[in-house]
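Engineer: Input file: coords31.txt. Contents: compact mmCIF, N, CA and C atoms.
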```txt
# COMPACT_ATOMS: atom_id res chain seq x y z
N MET A 124 149.38 12.91 246.08
CA MET A 124 149.21 11.47 246.15
C MET A 124 147.81 11.11 246.66
N LYS A 125 147.37 11.83 247.68
CA LYS A 125 146.05 11.57 248.24
C LYS A 125 144.97 11.83 247.18
N ASN A 126 145.17 12.84 246.35
CA ASN A 126 144.21 13.16 245.30
C ASN A 126 144.11 12.02 244.28
N ILE A 127 145.24 11.41 243.96
CA ILE A 127 145.24 10.30 243.01
C ILE A 127 144.49 9.12 243.60
N ILE A 128 144.75 8.80 244.85
CA ILE A 128 144.07 7.69 245.51
C ILE A 128 142.57 7.95 245.59
N THR A 129 142.19 9.18 245.89
CA THR A 129 140.78 9.54 245.96
C THR A 129 140.11 9.33 244.59
N LYS A 130 140.79 9.71 243.52
CA LYS A 130 140.24 9.52 242.18
C LYS A 130 140.10 8.04 241.84
N ILE A 131 141.09 7.25 242.20
CA ILE A 131 141.04 5.81 241.93
C ILE A 131 139.90 5.16 242.70
N VAL A 132 139.78 5.50 243.98
CA VAL A 132 138.70 4.94 244.81
C VAL A 132 137.34 5.38 244.26
N GLY A 133 137.22 6.63 243.85
CA GLY A 133 135.98 7.11 243.27
C GLY A 133 135.62 6.36 242.00
N TRP A 134 136.63 6.09 241.17
CA TRP A 134 136.40 5.33 239.94
C TRP A 134 135.96 3.90 240.26
N LEU A 135 136.63 3.26 241.22
CA LEU A 135 136.28 1.88 241.58
C LEU A 135 134.88 1.79 242.21
N ASN A 136 134.47 2.84 242.92
CA ASN A 136 133.14 2.83 243.54
C ASN A 136 132.02 2.93 242.51
N ARG A 137 132.33 3.39 241.31
CA ARG A 137 131.31 3.48 240.26
C ARG A 137 131.06 2.14 239.58
N ILE A 138 131.94 1.16 239.83
CA ILE A 138 131.75 -0.17 239.24
C ILE A 138 130.75 -0.92 240.11
N PRO A 139 129.68 -1.44 239.52
CA PRO A 139 128.68 -2.16 240.32
C PRO A 139 129.28 -3.40 241.00
N ALA A 140 128.77 -3.73 242.18
CA ALA A 140 129.28 -4.87 242.94
C ALA A 140 129.14 -6.17 242.16
N ASP A 141 128.11 -6.26 241.32
CA ASP A 141 127.89 -7.45 240.51
C ASP A 141 129.09 -7.74 239.60
N LYS A 142 129.72 -6.70 239.10
CA LYS A 142 130.87 -6.89 238.21
C LYS A 142 132.06 -7.47 238.96
N TYR A 143 132.24 -7.07 240.22
CA TYR A 143 133.31 -7.64 241.04
C TYR A 143 133.08 -9.13 241.26
N LYS A 144 131.82 -9.49 241.45
CA LYS A 144 131.47 -10.91 241.65
C LYS A 144 131.75 -11.72 240.38
N HIS A 145 131.41 -11.16 239.23
CA HIS A 145 131.70 -11.84 237.98
C HIS A 145 133.20 -11.97 237.75
N PHE A 146 133.95 -10.93 238.08
CA PHE A 146 135.41 -10.96 237.96
C PHE A 146 135.98 -12.07 238.83
N ALA A 147 135.54 -12.15 240.08
CA ALA A 147 136.02 -13.17 241.00
C ALA A 147 135.65 -14.57 240.53
N ALA A 148 134.43 -14.73 240.03
CA ALA A 148 134.00 -16.04 239.53
C ALA A 148 134.84 -16.46 238.33
N GLY A 149 135.10 -15.53 237.42
CA GLY A 149 135.93 -15.84 236.26
C GLY A 149 137.34 -16.24 236.66
N ALA A 150 137.89 -15.54 237.65
CA ALA A 150 139.24 -15.88 238.13
C ALA A 150 139.25 -17.25 238.79
N ALA A 151 138.24 -17.55 239.58
CA ALA A 151 138.18 -18.84 240.27
C ALA A 151 138.02 -19.99 239.28
N ILE A 152 137.15 -19.81 238.30
CA ILE A 152 136.94 -20.87 237.30
C ILE A 152 138.21 -21.08 236.48
N ALA A 153 138.83 -19.98 236.06
CA ALA A 153 140.06 -20.09 235.27
C ALA A 153 141.15 -20.79 236.06
N ALA A 154 141.30 -20.45 237.34
CA ALA A 154 142.33 -21.08 238.16
C ALA A 154 142.06 -22.57 238.35
N ALA A 155 140.80 -22.93 238.59
CA ALA A 155 140.46 -24.34 238.79
C ALA A 155 140.75 -25.16 237.54
N VAL A 156 140.34 -24.64 236.38
CA VAL A 156 140.58 -25.36 235.13
C VAL A 156 142.07 -25.44 234.83
N LEU A 157 142.81 -24.37 235.12
CA LEU A 157 144.26 -24.40 234.89
C LEU A 157 144.95 -25.39 235.81
N LEU A 158 144.51 -25.48 237.06
CA LEU A 158 145.12 -26.43 237.98
C LEU A 158 144.98 -27.86 237.47
N VAL A 159 143.80 -28.20 237.02
CA VAL A 159 143.57 -29.55 236.49
C VAL A 159 144.24 -29.70 235.13
N GLY A 160 144.08 -28.71 234.28
CA GLY A 160 144.63 -28.78 232.93
C GLY A 160 146.14 -28.85 232.90
N ALA A 161 146.80 -28.19 233.83
CA ALA A 161 148.26 -28.19 233.85
C ALA A 161 148.82 -29.57 234.16
N LEU A 162 148.03 -30.39 234.81
CA LEU A 162 148.49 -31.74 235.14
C LEU A 162 148.44 -32.68 233.95
N ILE A 163 147.52 -32.43 233.02
CA ILE A 163 147.33 -33.40 231.93
C ILE A 163 147.52 -32.81 230.53
N LEU A 164 147.64 -31.50 230.43
CA LEU A 164 147.76 -30.85 229.13
C LEU A 164 149.02 -30.00 229.05
N SER A 165 149.37 -29.60 227.84
CA SER A 165 150.47 -28.65 227.70
C SER A 165 150.03 -27.28 228.23
N LYS A 166 150.98 -26.39 228.38
CA LYS A 166 150.69 -25.07 228.94
C LYS A 166 149.62 -24.33 228.14
N TRP A 167 149.79 -24.28 226.83
CA TRP A 167 148.85 -23.54 225.99
C TRP A 167 147.51 -24.24 225.85
N ALA A 168 147.51 -25.56 225.88
CA ALA A 168 146.25 -26.29 225.83
C ALA A 168 145.45 -26.05 227.10
N ALA A 169 146.14 -25.99 228.24
CA ALA A 169 145.46 -25.72 229.51
C ALA A 169 144.86 -24.32 229.51
N VAL A 170 145.60 -23.33 228.99
CA VAL A 170 145.08 -21.96 228.91
C VAL A 170 143.89 -21.91 227.96
N SER A 171 144.00 -22.58 226.83
CA SER A 171 142.90 -22.59 225.86
C SER A 171 141.65 -23.23 226.45
N ALA A 172 141.82 -24.35 227.13
CA ALA A 172 140.68 -25.01 227.77
C ALA A 172 140.05 -24.11 228.81
N SER A 173 140.88 -23.42 229.57
CA SER A 173 140.39 -22.51 230.59
C SER A 173 139.60 -21.36 229.96
N MET A 174 140.11 -20.82 228.86
CA MET A 174 139.40 -19.73 228.17
C MET A 174 138.04 -20.18 227.68
N ILE A 175 137.99 -21.37 227.12
CA ILE A 175 136.72 -21.89 226.60
C ILE A 175 135.73 -22.09 227.74
N ILE A 176 136.17 -22.68 228.84
CA ILE A 176 135.28 -22.95 229.97
C ILE A 176 134.78 -21.65 230.58
N VAL A 177 135.66 -20.69 230.79
CA VAL A 177 135.24 -19.40 231.36
C VAL A 177 134.24 -18.71 230.45
N GLY A 178 134.50 -18.73 229.16
CA GLY A 178 133.56 -18.12 228.21
C GLY A 178 132.21 -18.80 228.21
N LEU A 179 132.23 -20.13 228.23
CA LEU A 179 130.97 -20.87 228.24
C LEU A 179 130.18 -20.65 229.52
N VAL A 180 130.86 -20.65 230.66
CA VAL A 180 130.16 -20.44 231.92
C VAL A 180 129.59 -19.03 232.00
N GLY A 181 130.37 -18.03 231.55
CA GLY A 181 129.87 -16.65 231.54
C GLY A 181 128.65 -16.50 230.64
N ALA A 182 128.71 -17.11 229.46
CA ALA A 182 127.58 -17.03 228.53
C ALA A 182 126.37 -17.80 229.08
N ALA A 183 126.61 -18.97 229.68
CA ALA A 183 125.51 -19.75 230.24
C ALA A 183 124.81 -19.00 231.37
N LYS A 184 125.59 -18.29 232.18
CA LYS A 184 125.00 -17.50 233.26
C LYS A 184 124.10 -16.41 232.69
N GLU A 185 124.51 -15.78 231.63
CA GLU A 185 123.69 -14.73 231.03
C GLU A 185 122.45 -15.29 230.34
N ILE A 186 122.58 -16.47 229.77
CA ILE A 186 121.40 -17.12 229.19
C ILE A 186 120.40 -17.45 230.30
N TYR A 187 120.92 -17.90 231.44
CA TYR A 187 120.07 -18.18 232.59
C TYR A 187 119.40 -16.90 233.08
N ASP A 188 120.16 -15.81 233.18
CA ASP A 188 119.61 -14.53 233.63
C ASP A 188 118.57 -13.98 232.65
N ASP A 189 118.67 -14.36 231.39
CA ASP A 189 117.75 -13.86 230.37
C ASP A 189 116.31 -14.30 230.64
N ARG A 190 116.14 -15.38 231.37
CA ARG A 190 114.80 -15.85 231.72
C ARG A 190 114.05 -14.80 232.55
N ASP A 191 114.78 -14.07 233.39
CA ASP A 191 114.18 -13.08 234.29
C ASP A 191 114.40 -11.65 233.81
N ASP A 192 114.82 -11.48 232.56
CA ASP A 192 115.11 -10.16 232.00
C ASP A 192 116.16 -9.41 232.81
N ARG A 193 117.15 -10.13 233.34
CA ARG A 193 118.23 -9.51 234.09
C ARG A 193 119.54 -9.57 233.32
N THR A 194 119.47 -9.79 232.04
CA THR A 194 120.66 -9.96 231.23
C THR A 194 121.46 -8.67 231.14
N ASP A 195 122.75 -8.79 231.36
CA ASP A 195 123.68 -7.67 231.20
C ASP A 195 124.91 -8.22 230.50
N ARG A 196 125.05 -7.90 229.23
CA ARG A 196 126.14 -8.47 228.44
C ARG A 196 127.52 -8.10 228.98
N SER A 197 127.62 -7.02 229.72
CA SER A 197 128.93 -6.65 230.26
C SER A 197 129.36 -7.61 231.38
N ASP A 198 128.44 -8.42 231.88
CA ASP A 198 128.82 -9.43 232.88
C ASP A 198 129.75 -10.47 232.27
N ILE A 199 129.52 -10.83 231.01
CA ILE A 199 130.41 -11.78 230.33
C ILE A 199 131.81 -11.18 230.23
N PHE A 200 131.89 -9.91 229.93
CA PHE A 200 133.18 -9.22 229.85
C PHE A 200 133.88 -9.22 231.20
N ALA A 201 133.14 -8.94 232.27
CA ALA A 201 133.73 -8.93 233.62
C ALA A 201 134.22 -10.32 234.00
N THR A 202 133.46 -11.34 233.65
CA THR A 202 133.88 -12.71 233.94
C THR A 202 135.16 -13.04 233.18
N SER A 203 135.23 -12.63 231.93
CA SER A 203 136.42 -12.89 231.12
C SER A 203 137.63 -12.13 231.63
N LEU A 204 137.43 -10.94 232.15
CA LEU A 204 138.56 -10.18 232.71
C LEU A 204 139.15 -10.89 233.93
N GLY A 205 138.30 -11.51 234.73
CA GLY A 205 138.81 -12.29 235.86
C GLY A 205 139.67 -13.43 235.38
N GLY A 206 139.21 -14.10 234.34
CA GLY A 206 140.00 -15.17 233.76
C GLY A 206 141.31 -14.65 233.18
N LEU A 207 141.24 -13.50 232.52
CA LEU A 207 142.44 -12.91 231.92
C LEU A 207 143.52 -12.65 232.96
N ALA A 208 143.13 -12.18 234.12
CA ALA A 208 144.11 -11.92 235.19
C ALA A 208 144.84 -13.21 235.56
N VAL A 209 144.11 -14.30 235.65
CA VAL A 209 144.71 -15.60 236.00
C VAL A 209 145.58 -16.10 234.86
N TRP A 210 145.11 -15.98 233.62
CA TRP A 210 145.88 -16.48 232.49
C TRP A 210 147.20 -15.73 232.35
N ILE A 211 147.19 -14.43 232.54
CA ILE A 211 148.43 -13.66 232.45
C ILE A 211 149.40 -14.10 233.53
N ALA A 212 148.90 -14.24 234.76
CA ALA A 212 149.77 -14.67 235.87
C ALA A 212 150.33 -16.06 235.59
N TYR A 213 149.53 -16.94 235.07
CA TYR A 213 149.98 -18.32 234.75
C TYR A 213 151.04 -18.31 233.67
N LEU A 214 150.84 -17.51 232.63
CA LEU A 214 151.78 -17.49 231.52
C LEU A 214 153.09 -16.79 231.88
N ILE A 215 153.03 -15.81 232.76
CA ILE A 215 154.25 -15.14 233.20
C ILE A 215 155.07 -16.06 234.10
N GLY A 216 154.36 -16.78 234.99
CA GLY A 216 155.03 -17.64 235.98
C GLY A 216 155.43 -18.89 235.38
```
Using structure tokens, write down the structure from this file.
Structural biologist:
Amino acid sequence: MKNIITKIVGWLNRIPADKYKHFAAGAAIAAAVLLVGALILSKWAAVSASMIIVGLVGAAKEIYDDRDDRTDRSDIFATSLGGLAVWIAYLIG
């Protein structure tokens, strides 16, 4: 069991800290849009709006980073994964 945990921790340590920040930002944005969207939209419309907003914000951040040659396309993926975690939890609940 300890060996499995060590392997998991080793794998997680190889993920750059920036990706964790993008994941958290994507989750926060998705949750905020879902909270507002759930009040005025149907369930699927709220999820769709949240997906669009998370995608746009992730892409806009990378366009902004492109000015300084710091663009990393996998940041958009990490941001979207954060949103995905929220969307799955929302749809299950």
Engineer: In terms of the shortest atom-to-atom distance over only C-alpha atoms, which of A:Ala169, A:Leu157, A:Ala182, A:Leu214 is closest to Phe200 in chain A?
Structural biologist: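 Among the listed residues, the smallest separation from Phe200 in chain A belongs to A:Ala182.
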Engineer: Apply DSSP to the structure's backbone, then extract all residues of chain A labelled helix (DSSP H, G or I) and return them as a PyMOL selection string.
Structural biologist: chain A and resi 125-136+140-163+166-189+197-215
Engineer: Just to confirm, what's the straight-line distance from CA of Asp189 in chain A to atom C of Ser203 in chain A in Å (one decimal)?
Structural biologist: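 That distance, rounded to one decimal, is 20.0 Å.
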Engineer: To one decimal place in Å, what is the distance between atom N of Ala201 in chain A and atom N of Ala140 in chain A?
Structural biologist: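 Computing it gives 12.0 Å between the two atoms.
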Engineer: As an exercise, work out the distance from atom C of Pro139 in chain A to atom C of Arg190 in chain A in Å and give it to one decimal place.
Structural biologist: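 Answer for the atom C of Pro139 in chain A to atom C of Arg190 in chain A separation: 20.8 Å.
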Engineer: Out of A:Ala172, A:Ile138, A:Val177, A:Lys166, which residue has the shortest atom-to-atom distance to Gly206 in chain A when counting only N, CA and C atoms?
Structural biologist: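 The answer is A:Val177, which sits nearest to Gly206 in chain A.
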Engineer: Please provide as a list in words all residues within 12 Å of Gly178 in chain A, with the sequence filter that same-chain residues fewer than 4 positions apart are discarded (counting only C-alpha atoms).
Structural biologist: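 Surrounding residues, per the criterion: His145, Ala148, Gly149, Ala150, Ile152, Ala153, Ser171, Ala172, Ser173, Met174, Ala182, Ala183, Lys184, Glu185, Asp198, Ile199, Phe200, Ala201, Thr202, Ser203, Leu204, Gly205, Gly206 and Leu207 of chain A.
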Engineer: Which one of A:Tyr187, A:Ala154, A:Gly160, A:Asp195 sits closest to Val209 in chain A if you count all atoms listed in the file?
Structural biologist: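 Distance minimum relative to Val209 in chain A lands on A:Ala154.
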Engineer: Would you please work out which residue, of A:Trp134, A:Asp188, A:Trp210, A:Arg193, is nearest to Val170 in chain A when using only N, CA and C atoms?
Structural biologist: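 Once distances to Val170 in chain A are computed over only N, CA and C atoms, the minimum belongs to A:Trp210.
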